[in-house]
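K.L.:
What follows is the file start_14.cif, containing mmCIF, N, CA and C atoms:
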data_query
loop_
_atom_site.label_atom_id
_atom_site.label_comp_id
_atom_site.auth_asym_id
_atom_site.auth_seq_id
_atom_site.Cartn_x
_atom_site.Cartn_y
_atom_site.Cartn_z
N MET A 233 83.38 106.02 133.72
CA MET A 233 84.21 105.66 132.58
C MET A 233 84.14 106.78 131.56
N ARG A 234 85.22 106.95 130.87
CA ARG A 234 85.30 107.94 129.80
C ARG A 234 85.77 107.25 128.53
N ILE A 235 85.09 107.59 127.44
CA ILE A 235 85.47 107.02 126.15
C ILE A 235 85.51 108.13 125.12
N VAL A 236 86.59 108.14 124.35
CA VAL A 236 86.65 108.96 123.15
C VAL A 236 86.37 108.01 122.00
N LEU A 237 85.27 108.26 121.31
CA LEU A 237 84.84 107.43 120.18
C LEU A 237 85.17 108.17 118.90
N GLN A 238 85.87 107.51 118.00
CA GLN A 238 86.15 108.09 116.70
C GLN A 238 85.61 107.16 115.62
N ARG A 239 84.81 107.74 114.72
CA ARG A 239 84.35 106.97 113.57
C ARG A 239 85.52 106.90 112.60
N VAL A 240 85.88 105.68 112.20
CA VAL A 240 87.07 105.51 111.36
C VAL A 240 86.78 104.70 110.10
N LYS A 241 87.60 104.96 109.10
CA LYS A 241 87.61 104.13 107.89
C LYS A 241 88.51 102.92 108.13
N SER A 242 89.53 103.09 109.00
CA SER A 242 90.41 102.00 109.41
C SER A 242 91.18 102.44 110.64
N ALA A 243 91.64 101.46 111.41
CA ALA A 243 92.45 101.75 112.60
C ALA A 243 93.24 100.50 112.97
N SER A 244 94.40 100.73 113.59
CA SER A 244 95.20 99.61 114.07
C SER A 244 95.98 100.03 115.30
N VAL A 245 96.38 99.06 116.07
CA VAL A 245 97.22 99.30 117.24
C VAL A 245 98.39 98.32 117.17
N SER A 246 99.59 98.86 117.42
CA SER A 246 100.81 98.06 117.36
C SER A 246 101.55 98.16 118.68
N ILE A 247 102.28 97.08 118.98
CA ILE A 247 103.16 97.04 120.15
C ILE A 247 104.52 96.55 119.65
N GLU A 248 105.54 97.33 119.88
CA GLU A 248 106.90 97.01 119.46
C GLU A 248 106.95 96.62 117.98
N GLY A 249 106.23 97.38 117.16
CA GLY A 249 106.27 97.18 115.71
C GLY A 249 105.36 96.09 115.16
N SER A 250 104.65 95.36 116.03
CA SER A 250 103.76 94.30 115.58
C SER A 250 102.31 94.71 115.78
N VAL A 251 101.49 94.57 114.75
CA VAL A 251 100.07 94.89 114.84
C VAL A 251 99.39 93.84 115.71
N VAL A 252 98.69 94.31 116.75
CA VAL A 252 97.97 93.39 117.65
C VAL A 252 96.46 93.51 117.50
N GLY A 253 95.98 94.57 116.87
CA GLY A 253 94.55 94.77 116.64
C GLY A 253 94.37 95.67 115.43
N GLU A 254 93.41 95.31 114.57
CA GLU A 254 93.22 96.08 113.34
C GLU A 254 91.78 95.92 112.86
N ILE A 255 91.19 97.04 112.41
CA ILE A 255 89.83 97.00 111.87
C ILE A 255 89.76 97.84 110.59
N SER A 256 88.71 97.58 109.82
CA SER A 256 88.38 98.48 108.72
C SER A 256 87.33 99.44 109.28
N GLN A 257 86.28 99.73 108.57
CA GLN A 257 85.29 100.72 109.00
C GLN A 257 84.67 100.36 110.35
N GLY A 258 84.52 101.38 111.20
CA GLY A 258 83.91 101.17 112.50
C GLY A 258 84.28 102.26 113.49
N PHE A 259 84.52 101.84 114.74
CA PHE A 259 84.86 102.76 115.82
C PHE A 259 86.23 102.45 116.39
N LEU A 260 87.01 103.49 116.62
CA LEU A 260 88.17 103.41 117.49
C LEU A 260 87.71 103.97 118.82
N LEU A 261 87.84 103.17 119.88
CA LEU A 261 87.45 103.60 121.21
C LEU A 261 88.68 103.71 122.09
N LEU A 262 88.89 104.89 122.66
CA LEU A 262 89.91 105.08 123.69
C LEU A 262 89.16 105.03 125.01
N VAL A 263 89.46 104.05 125.84
CA VAL A 263 88.65 103.73 127.02
C VAL A 263 89.42 103.99 128.30
N GLY A 264 88.88 104.89 129.14
CA GLY A 264 89.47 105.18 130.44
C GLY A 264 88.52 104.78 131.55
N VAL A 265 89.08 104.26 132.64
CA VAL A 265 88.28 103.80 133.78
C VAL A 265 88.70 104.59 135.01
N GLY A 266 87.70 105.09 135.74
CA GLY A 266 87.94 105.80 136.99
C GLY A 266 87.73 104.89 138.18
N PRO A 267 88.20 105.29 139.35
CA PRO A 267 88.13 104.44 140.54
C PRO A 267 86.71 104.15 141.02
N GLU A 268 85.76 105.02 140.72
CA GLU A 268 84.37 104.84 141.16
C GLU A 268 83.51 104.12 140.12
N ASP A 269 84.08 103.78 138.97
CA ASP A 269 83.31 103.14 137.90
C ASP A 269 82.95 101.70 138.27
N THR A 270 81.78 101.27 137.76
CA THR A 270 81.24 99.96 138.08
C THR A 270 80.82 99.23 136.81
N SER A 271 80.33 98.02 137.00
CA SER A 271 79.78 97.25 135.89
C SER A 271 78.61 97.97 135.22
N ASP A 272 77.86 98.74 136.01
CA ASP A 272 76.76 99.51 135.43
C ASP A 272 77.27 100.53 134.41
N ASP A 273 78.42 101.14 134.69
CA ASP A 273 79.01 102.08 133.74
C ASP A 273 79.41 101.37 132.45
N ALA A 274 80.02 100.19 132.58
CA ALA A 274 80.43 99.41 131.41
C ALA A 274 79.21 99.01 130.59
N SER A 275 78.14 98.60 131.26
CA SER A 275 76.91 98.21 130.56
C SER A 275 76.28 99.39 129.83
N TYR A 276 76.22 100.53 130.50
CA TYR A 276 75.65 101.73 129.88
C TYR A 276 76.41 102.11 128.62
N LEU A 277 77.74 102.13 128.72
CA LEU A 277 78.53 102.54 127.56
C LEU A 277 78.45 101.54 126.42
N ALA A 278 78.44 100.25 126.73
CA ALA A 278 78.31 99.24 125.68
C ALA A 278 76.98 99.41 124.94
N ARG A 279 75.90 99.60 125.69
CA ARG A 279 74.58 99.81 125.08
C ARG A 279 74.55 101.07 124.24
N LYS A 280 75.11 102.15 124.78
CA LYS A 280 75.11 103.44 124.08
C LYS A 280 75.91 103.35 122.78
N ILE A 281 77.07 102.76 122.84
CA ILE A 281 77.93 102.67 121.66
C ILE A 281 77.34 101.74 120.61
N ALA A 282 76.79 100.61 121.03
CA ALA A 282 76.19 99.67 120.08
C ALA A 282 75.01 100.30 119.34
N GLY A 283 74.29 101.19 120.00
CA GLY A 283 73.12 101.80 119.38
C GLY A 283 73.35 103.15 118.73
N MET A 284 74.55 103.69 118.89
CA MET A 284 74.83 105.03 118.36
C MET A 284 74.72 105.05 116.84
N ARG A 285 73.90 105.96 116.34
CA ARG A 285 73.64 106.04 114.90
C ARG A 285 74.43 107.22 114.32
N ILE A 286 75.67 106.94 113.93
CA ILE A 286 76.52 108.01 113.39
C ILE A 286 77.16 107.64 112.05
N PHE A 287 76.63 106.60 111.41
CA PHE A 287 77.08 106.27 110.07
C PHE A 287 76.03 106.74 109.07
N SER A 288 76.48 107.17 107.92
CA SER A 288 75.58 107.77 106.93
C SER A 288 74.70 106.73 106.23
N ASP A 289 73.44 107.11 106.05
CA ASP A 289 72.51 106.29 105.28
C ASP A 289 72.60 106.69 103.81
N GLU A 290 71.68 106.17 102.99
CA GLU A 290 71.71 106.45 101.54
C GLU A 290 71.47 107.92 101.22
N ASN A 291 70.94 108.69 102.18
CA ASN A 291 70.71 110.12 101.98
C ASN A 291 71.80 110.99 102.59
N GLY A 292 72.86 110.36 103.09
CA GLY A 292 73.96 111.10 103.67
C GLY A 292 73.71 111.57 105.10
N LYS A 293 72.62 111.11 105.72
CA LYS A 293 72.31 111.49 107.11
C LYS A 293 72.93 110.48 108.07
N MET A 294 73.43 110.96 109.20
CA MET A 294 73.91 110.05 110.24
C MET A 294 72.70 109.35 110.82
N ASN A 295 72.50 108.11 110.40
CA ASN A 295 71.28 107.42 110.77
C ASN A 295 71.48 105.92 110.99
N LEU A 296 72.69 105.41 110.77
CA LEU A 296 72.93 103.98 110.87
C LEU A 296 73.87 103.66 112.03
N SER A 297 73.63 102.52 112.67
CA SER A 297 74.49 102.07 113.76
C SER A 297 75.61 101.20 113.21
N ILE A 298 76.55 100.88 114.07
CA ILE A 298 77.72 100.11 113.64
C ILE A 298 77.35 98.73 113.11
N ASP A 299 76.37 98.07 113.72
CA ASP A 299 75.98 96.75 113.22
C ASP A 299 75.29 96.84 111.86
N GLN A 300 74.59 97.93 111.60
CA GLN A 300 73.89 98.10 110.33
C GLN A 300 74.84 98.28 109.15
N ILE A 301 76.07 98.72 109.42
CA ILE A 301 77.04 98.89 108.33
C ILE A 301 78.11 97.79 108.36
N GLY A 302 77.96 96.82 109.26
CA GLY A 302 78.93 95.73 109.35
C GLY A 302 80.28 96.20 109.89
N GLY A 303 80.27 97.23 110.72
CA GLY A 303 81.50 97.80 111.25
C GLY A 303 82.06 97.00 112.41
N LYS A 304 83.30 97.31 112.74
CA LYS A 304 84.01 96.65 113.84
C LYS A 304 84.52 97.71 114.81
N ILE A 305 84.99 97.24 115.95
CA ILE A 305 85.50 98.13 116.99
C ILE A 305 86.95 97.78 117.31
N LEU A 306 87.76 98.83 117.45
CA LEU A 306 89.10 98.69 118.01
C LEU A 306 89.07 99.44 119.34
N SER A 307 89.21 98.70 120.43
CA SER A 307 89.13 99.26 121.78
C SER A 307 90.53 99.30 122.39
N VAL A 308 90.94 100.50 122.82
CA VAL A 308 92.28 100.70 123.36
C VAL A 308 92.18 101.31 124.75
N SER A 309 92.79 100.69 125.75
CA SER A 309 92.76 101.24 127.10
C SER A 309 93.56 102.55 127.12
N GLN A 310 93.07 103.53 127.90
CA GLN A 310 93.63 104.88 127.86
C GLN A 310 93.48 105.56 129.21
N PHE A 311 94.36 105.23 130.17
CA PHE A 311 94.23 105.82 131.50
C PHE A 311 94.43 107.34 131.48
N THR A 312 95.09 107.86 130.46
CA THR A 312 95.36 109.30 130.42
C THR A 312 94.10 110.14 130.21
N LEU A 313 92.97 109.50 129.94
CA LEU A 313 91.70 110.24 129.86
C LEU A 313 91.30 110.81 131.22
N PHE A 314 91.94 110.34 132.27
CA PHE A 314 91.67 110.85 133.61
C PHE A 314 92.78 111.78 134.11
N ALA A 315 93.52 112.37 133.19
CA ALA A 315 94.59 113.30 133.55
C ALA A 315 94.00 114.55 134.22
N ASP A 316 94.67 115.00 135.27
CA ASP A 316 94.33 116.26 135.93
C ASP A 316 95.39 117.27 135.51
N THR A 317 94.96 118.31 134.81
CA THR A 317 95.90 119.30 134.28
C THR A 317 95.73 120.68 134.92
N LYS A 318 95.04 120.72 136.06
CA LYS A 318 94.75 122.01 136.69
C LYS A 318 95.99 122.71 137.24
N LYS A 319 96.91 121.95 137.78
CA LYS A 319 98.10 122.55 138.39
C LYS A 319 99.33 122.22 137.56
N GLY A 320 100.12 123.23 137.29
CA GLY A 320 101.39 123.02 136.61
C GLY A 320 101.25 122.53 135.18
N ASN A 321 102.35 122.01 134.66
CA ASN A 321 102.39 121.56 133.27
C ASN A 321 102.54 120.06 133.12
N ARG A 322 102.70 119.37 134.24
CA ARG A 322 102.82 117.92 134.20
C ARG A 322 101.53 117.31 134.72
N PRO A 323 100.80 116.58 133.87
CA PRO A 323 99.52 116.02 134.31
C PRO A 323 99.69 115.00 135.44
N SER A 324 98.68 114.94 136.27
CA SER A 324 98.60 113.92 137.31
C SER A 324 97.57 112.89 136.87
N PHE A 325 97.87 111.63 137.14
CA PHE A 325 96.96 110.56 136.72
C PHE A 325 96.36 109.83 137.92
N THR A 326 96.34 110.49 139.06
CA THR A 326 95.80 109.86 140.27
C THR A 326 94.28 109.67 140.17
N GLY A 327 93.63 110.30 139.21
CA GLY A 327 92.19 110.14 139.04
C GLY A 327 91.80 108.89 138.28
N ALA A 328 92.78 108.17 137.75
CA ALA A 328 92.51 106.92 137.03
C ALA A 328 92.37 105.77 138.03
N ALA A 329 91.64 104.76 137.63
CA ALA A 329 91.46 103.57 138.48
C ALA A 329 92.77 102.80 138.60
N SER A 330 92.86 101.98 139.64
CA SER A 330 94.01 101.09 139.78
C SER A 330 94.04 100.14 138.59
N PRO A 331 95.21 99.65 138.22
CA PRO A 331 95.28 98.72 137.08
C PRO A 331 94.37 97.51 137.22
N GLU A 332 94.24 96.97 138.44
CA GLU A 332 93.40 95.79 138.65
C GLU A 332 91.93 96.11 138.34
N HIS A 333 91.45 97.22 138.90
CA HIS A 333 90.06 97.62 138.69
C HIS A 333 89.81 97.99 137.23
N ALA A 334 90.74 98.75 136.66
CA ALA A 334 90.58 99.20 135.28
C ALA A 334 90.59 98.03 134.30
N THR A 335 91.50 97.09 134.51
CA THR A 335 91.57 95.92 133.62
C THR A 335 90.25 95.15 133.65
N LYS A 336 89.73 94.93 134.84
CA LYS A 336 88.47 94.18 134.98
C LYS A 336 87.34 94.85 134.21
N LEU A 337 87.16 96.16 134.39
CA LEU A 337 86.05 96.86 133.72
C LEU A 337 86.28 97.00 132.22
N TYR A 338 87.51 97.24 131.82
CA TYR A 338 87.84 97.34 130.39
C TYR A 338 87.50 96.03 129.68
N GLU A 339 87.92 94.91 130.26
CA GLU A 339 87.64 93.61 129.66
C GLU A 339 86.15 93.30 129.69
N GLU A 340 85.48 93.65 130.78
CA GLU A 340 84.03 93.44 130.88
C GLU A 340 83.29 94.25 129.81
N PHE A 341 83.69 95.50 129.63
CA PHE A 341 83.09 96.36 128.61
C PHE A 341 83.24 95.74 127.22
N ASN A 342 84.44 95.31 126.87
CA ASN A 342 84.68 94.71 125.56
C ASN A 342 83.86 93.43 125.37
N GLU A 343 83.77 92.64 126.43
CA GLU A 343 83.01 91.38 126.34
C GLU A 343 81.52 91.65 126.16
N LYS A 344 81.00 92.69 126.79
CA LYS A 344 79.59 93.06 126.61
C LYS A 344 79.33 93.44 125.15
N LEU A 345 80.22 94.20 124.57
CA LEU A 345 80.06 94.56 123.15
C LEU A 345 80.00 93.32 122.28
N ARG A 346 80.84 92.33 122.61
CA ARG A 346 80.89 91.10 121.82
C ARG A 346 79.65 90.22 122.04
N THR A 347 79.36 89.92 123.29
CA THR A 347 78.34 88.92 123.58
C THR A 347 76.92 89.49 123.57
N GLU A 348 76.72 90.67 124.12
CA GLU A 348 75.37 91.22 124.19
C GLU A 348 74.94 91.91 122.91
N TYR A 349 75.91 92.41 122.13
CA TYR A 349 75.56 93.17 120.93
C TYR A 349 76.11 92.56 119.65
N GLY A 350 76.83 91.45 119.75
CA GLY A 350 77.31 90.73 118.58
C GLY A 350 78.34 91.47 117.75
N LEU A 351 79.08 92.37 118.37
CA LEU A 351 80.05 93.17 117.62
C LEU A 351 81.44 92.53 117.66
N THR A 352 82.19 92.71 116.59
CA THR A 352 83.57 92.28 116.55
C THR A 352 84.41 93.36 117.23
N VAL A 353 85.19 92.95 118.24
CA VAL A 353 86.00 93.90 118.99
C VAL A 353 87.45 93.42 119.00
N GLU A 354 88.31 94.23 118.42
CA GLU A 354 89.76 94.03 118.50
C GLU A 354 90.26 94.92 119.64
N THR A 355 91.39 94.56 120.22
CA THR A 355 91.92 95.36 121.33
C THR A 355 93.42 95.53 121.21
N GLY A 356 93.90 96.48 122.00
CA GLY A 356 95.33 96.59 122.23
C GLY A 356 95.66 95.69 123.40
N GLU A 357 96.72 96.04 124.13
CA GLU A 357 97.11 95.27 125.31
C GLU A 357 97.11 96.23 126.50
N PHE A 358 96.31 95.93 127.48
CA PHE A 358 96.17 96.81 128.64
C PHE A 358 97.54 97.09 129.25
N GLY A 359 97.86 98.37 129.45
CA GLY A 359 99.08 98.79 130.11
C GLY A 359 100.32 98.81 129.24
N ALA A 360 100.21 98.38 127.99
CA ALA A 360 101.38 98.36 127.11
C ALA A 360 101.61 99.73 126.48
N ASP A 361 102.82 99.96 126.00
CA ASP A 361 103.14 101.15 125.22
C ASP A 361 102.70 100.85 123.79
N MET A 362 101.60 101.47 123.38
CA MET A 362 100.98 101.16 122.09
C MET A 362 101.08 102.33 121.13
N GLN A 363 101.12 102.01 119.85
CA GLN A 363 101.05 103.01 118.80
C GLN A 363 99.74 102.78 118.06
N VAL A 364 98.92 103.83 117.98
CA VAL A 364 97.60 103.73 117.36
C VAL A 364 97.61 104.52 116.06
N SER A 365 97.15 103.89 115.00
CA SER A 365 97.01 104.55 113.69
C SER A 365 95.55 104.51 113.30
N LEU A 366 95.08 105.59 112.68
CA LEU A 366 93.69 105.61 112.25
C LEU A 366 93.49 106.55 111.08
N VAL A 367 92.44 106.27 110.34
CA VAL A 367 91.93 107.20 109.34
C VAL A 367 90.56 107.60 109.83
N ASN A 368 90.48 108.82 110.41
CA ASN A 368 89.23 109.32 110.97
C ASN A 368 88.27 109.59 109.84
N ASP A 369 87.02 109.21 110.01
CA ASP A 369 86.00 109.36 108.99
C ASP A 369 85.09 110.52 109.36
N GLY A 370 85.21 111.61 108.66
CA GLY A 370 84.33 112.76 108.89
C GLY A 370 85.08 114.07 109.02
N PRO A 371 85.81 114.31 110.04
CA PRO A 371 85.98 113.48 111.24
C PRO A 371 84.77 113.54 112.15
N VAL A 372 84.51 112.39 112.76
CA VAL A 372 83.46 112.31 113.78
C VAL A 372 84.13 111.79 115.05
N THR A 373 84.13 112.62 116.08
CA THR A 373 84.73 112.27 117.37
C THR A 373 83.74 112.67 118.46
N ILE A 374 83.41 111.70 119.31
CA ILE A 374 82.40 111.92 120.37
C ILE A 374 83.00 111.48 121.70
N ILE A 375 82.78 112.31 122.73
CA ILE A 375 83.25 111.98 124.07
C ILE A 375 82.08 111.51 124.91
N LEU A 376 82.23 110.35 125.53
CA LEU A 376 81.22 109.78 126.41
C LEU A 376 81.80 109.70 127.82
N ASP A 377 81.04 110.12 128.81
CA ASP A 377 81.50 110.10 130.21
C ASP A 377 80.32 109.70 131.07
N THR A 378 80.43 108.57 131.76
CA THR A 378 79.30 108.08 132.54
C THR A 378 78.97 108.97 133.73
N LYS A 379 79.87 109.84 134.11
CA LYS A 379 79.59 110.74 135.22
C LYS A 379 78.92 112.03 134.74
N ASN A 380 78.80 112.22 133.44
CA ASN A 380 78.16 113.39 132.85
C ASN A 380 77.12 112.95 131.82
N GLN A 381 76.22 112.07 132.21
CA GLN A 381 75.24 111.51 131.28
C GLN A 381 74.21 112.56 130.94
#
Please go through the file and, once you have read it, give me the structure as structure tokens.
P.N.:
Amino acid sequence: MRIVLQRVKSASVSIEGSVVGEISQGFLLLVGVGPEDTSDDASYLARKIAGMRIFSDENGKMNLSIDQIGGKILSVSQFTLFADTKKGNRPSFTGAASPEHATKLYEEFNEKLRTEYGLTVETGEFGADMQVSLVNDGPVTIILDTKNQ
């Protein structure tokens, strides 16, 4: 699995002009699933993200986790994280998981964040044409890839 994590002051996702997910301070997660990814990958990333200390403490140091600041998560499925751009100018997406496999792991990942770590998780709609808006905080952007731990 691959995730682009952005620390945000706010973020929202809309479909056909209607907001379907919205948060204030927290993380915007762009989540991609590969064909070889498993529940272990989803568990690893949920644990890593829940514990990531990238919010500023009273001394301005990145030292606080998302639960310590009362933050929320907006999780958006993003198969294009598995784009292959080596040949030509048109990316290939054959490296992404099938929709059935990706949907299962994406939903499992979000549920782990909710139930195992007590985090509020808003989502987009898997496979929909979505518009994402955000105010990046920092900016802080981190790439997580379970195949490159």
K.L.:
Going by the chain IDs and residue numbers used in this file, which residues fall under the PyMOL selection byres ((chain A and resi 257) around 6)? Write them as a short mmCIF file (atom, residue, chain, number, x, y, z; two decimals) with N, CA and C atoms, in the coordinates of the input.
P.N.:
data_model
loop_
_atom_site.label_atom_id
_atom_site.label_comp_id
_atom_site.auth_asym_id
_atom_site.auth_seq_id
_atom_site.Cartn_x
_atom_site.Cartn_y
_atom_site.Cartn_z
N VAL A 240 85.88 105.68 112.20
CA VAL A 240 87.07 105.51 111.36
C VAL A 240 86.78 104.70 110.10
N LYS A 241 87.60 104.96 109.10
CA LYS A 241 87.61 104.13 107.89
C LYS A 241 88.51 102.92 108.13
N SER A 242 89.53 103.09 109.00
CA SER A 242 90.41 102.00 109.41
C SER A 242 91.18 102.44 110.64
N ILE A 255 91.19 97.04 112.41
CA ILE A 255 89.83 97.00 111.87
C ILE A 255 89.76 97.84 110.59
N SER A 256 88.71 97.58 109.82
CA SER A 256 88.38 98.48 108.72
C SER A 256 87.33 99.44 109.28
N GLY A 258 84.52 101.38 111.20
CA GLY A 258 83.91 101.17 112.50
C GLY A 258 84.28 102.26 113.49
N PHE A 259 84.52 101.84 114.74
CA PHE A 259 84.86 102.76 115.82
C PHE A 259 86.23 102.45 116.39
N GLY A 303 80.27 97.23 110.72
CA GLY A 303 81.50 97.80 111.25
C GLY A 303 82.06 97.00 112.41
N LYS A 304 83.30 97.31 112.74
CA LYS A 304 84.01 96.65 113.84
C LYS A 304 84.52 97.71 114.81
#
K.L.:
Using only C-alpha atoms - which residues lie no farther than 6 Å from the point (91.1, 109.6, 127.6) in the file's frame? Write them as a ChimeraX atom specification.
P.N.:
/A:264,310,312-313
K.L.:
Would you give me, as a PyMOL selection string, the residues in stretch 239-301 of chain A that DSSP reads as strand (DSSP E or B)?
P.N.:
chain A and resi 239-247+250-255+258-264+287-288+294-296
K.L.:
Assuming the chain letters and numbering stay as they are in my file, what does the PyMOL selection byres ((chain A and resi 321-332) around 7) actually select? List them as JSON, numbers by chain.
P.N.:
{"A": [264, 265, 266, 267, 268, 311, 312, 314, 315, 316, 317, 318, 319, 320, 333, 334, 335, 336, 337]}
K.L.:
Evaluate the PyMOL selection byres ((chain A and resi 282) around 7) against this structure - the residues, as an NGL selection string, please.
P.N.:
:A and (277-281 or 283-285 or 297-299 or 349)
K.L.:
Measure the distance from atom N of A:Val353 to atom CA of A:Val308 in Å and round it to one decimal.
P.N.:
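Atom CA of A:Val308 lies 11.7 Å from atom N of A:Val353.
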K.L.:
Using only N, CA and C atoms for the distances, tell me which of A:Gln363, A:Ser246, A:Ser309, A:Thr352 is nearest to A:Tyr338.
P.N.:
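Result for the nearest residue to A:Tyr338: A:Ser309.
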K.L.:
How many Å lie between atom C of A:Leu260 and atom CA of A:Ala243, rounded to one decimal?
P.N.:
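Between atom C of A:Leu260 and atom CA of A:Ala243 the gap is 8.1 Å.
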K.L.:
Using only C-alpha atoms, which of the listed residues (A:Arg234, A:Gly370, A:Glu354, A:Met362) sits closest to A:Gly292?
P.N.:
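With only C-alpha atoms as the atom set, the closest residue is A:Gly370.
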K.L.:
Have a look at A:Asp369, A:Glu290, A:Glu343, A:Asp269 and name the one nearest to A:Arg239; count only C-alpha atoms.
P.N.:
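Among A:Asp369, A:Glu290, A:Glu343, A:Asp269, it is A:Asp369 that comes nearest to A:Arg239.
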K.L.:
List every residue of chain A that DSSP, applied to the backbone of this structure, assigns to alpha helix (DSSP H), and report them as a ChimeraX atom specification.
P.N.:
/A:271-283,331-347
K.L.:
Which one is closest to A:Val245: A:Leu306, A:Ile375, A:Leu351, A:Ile286? Count all atoms listed in the file.
P.N.:
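Closest candidate: A:Leu306.
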K.L.:
Can you give me N, CA, C and O atoms for stretch 334-346 of chain A, written as a CSV table (one decimal), in the frame of the given file?
P.N.:
chain,number,residue,atom,x,y,z
A,334,ALA,N,90.7,98.8,136.7
A,334,ALA,CA,90.6,99.2,135.3
A,334,ALA,C,90.6,98.0,134.3
A,334,ALA,O,89.8,98.0,133.4
A,335,THR,N,91.5,97.1,134.5
A,335,THR,CA,91.6,95.9,133.6
A,335,THR,C,90.2,95.2,133.6
A,335,THR,O,89.7,94.8,132.6
A,336,LYS,N,89.7,94.9,134.8
A,336,LYS,CA,88.5,94.2,135.0
A,336,LYS,C,87.3,94.8,134.2
A,336,LYS,O,86.6,94.2,133.4
A,337,LEU,N,87.2,96.2,134.4
A,337,LEU,CA,86.0,96.9,133.7
A,337,LEU,C,86.3,97.0,132.2
A,337,LEU,O,85.3,96.9,131.4
A,338,TYR,N,87.5,97.2,131.8
A,338,TYR,CA,87.8,97.3,130.4
A,338,TYR,C,87.5,96.0,129.7
A,338,TYR,O,86.9,96.0,128.6
A,339,GLU,N,87.9,94.9,130.3
A,339,GLU,CA,87.6,93.6,129.7
A,339,GLU,C,86.2,93.3,129.7
A,339,GLU,O,85.6,92.7,128.7
A,340,GLU,N,85.5,93.6,130.8
A,340,GLU,CA,84.0,93.4,130.9
A,340,GLU,C,83.3,94.2,129.8
A,340,GLU,O,82.4,93.7,129.2
A,341,PHE,N,83.7,95.5,129.6
A,341,PHE,CA,83.1,96.4,128.6
A,341,PHE,C,83.2,95.7,127.2
A,341,PHE,O,82.3,95.6,126.5
A,342,ASN,N,84.4,95.3,126.9
A,342,ASN,CA,84.7,94.7,125.6
A,342,ASN,C,83.9,93.4,125.4
A,342,ASN,O,83.3,93.2,124.3
A,343,GLU,N,83.8,92.6,126.4
A,343,GLU,CA,83.0,91.4,126.3
A,343,GLU,C,81.5,91.6,126.2
A,343,GLU,O,80.8,90.9,125.4
A,344,LYS,N,81.0,92.7,126.8
A,344,LYS,CA,79.6,93.1,126.6
A,344,LYS,C,79.3,93.4,125.2
A,344,LYS,O,78.3,93.1,124.6
A,345,LEU,N,80.2,94.2,124.6
A,345,LEU,CA,80.1,94.6,123.2
A,345,LEU,C,80.0,93.3,122.3
A,345,LEU,O,79.2,93.2,121.3
A,346,ARG,N,80.8,92.3,122.6
A,346,ARG,CA,80.9,91.1,121.8
A,346,ARG,C,79.6,90.2,122.0
A,346,ARG,O,79.0,89.8,121.1
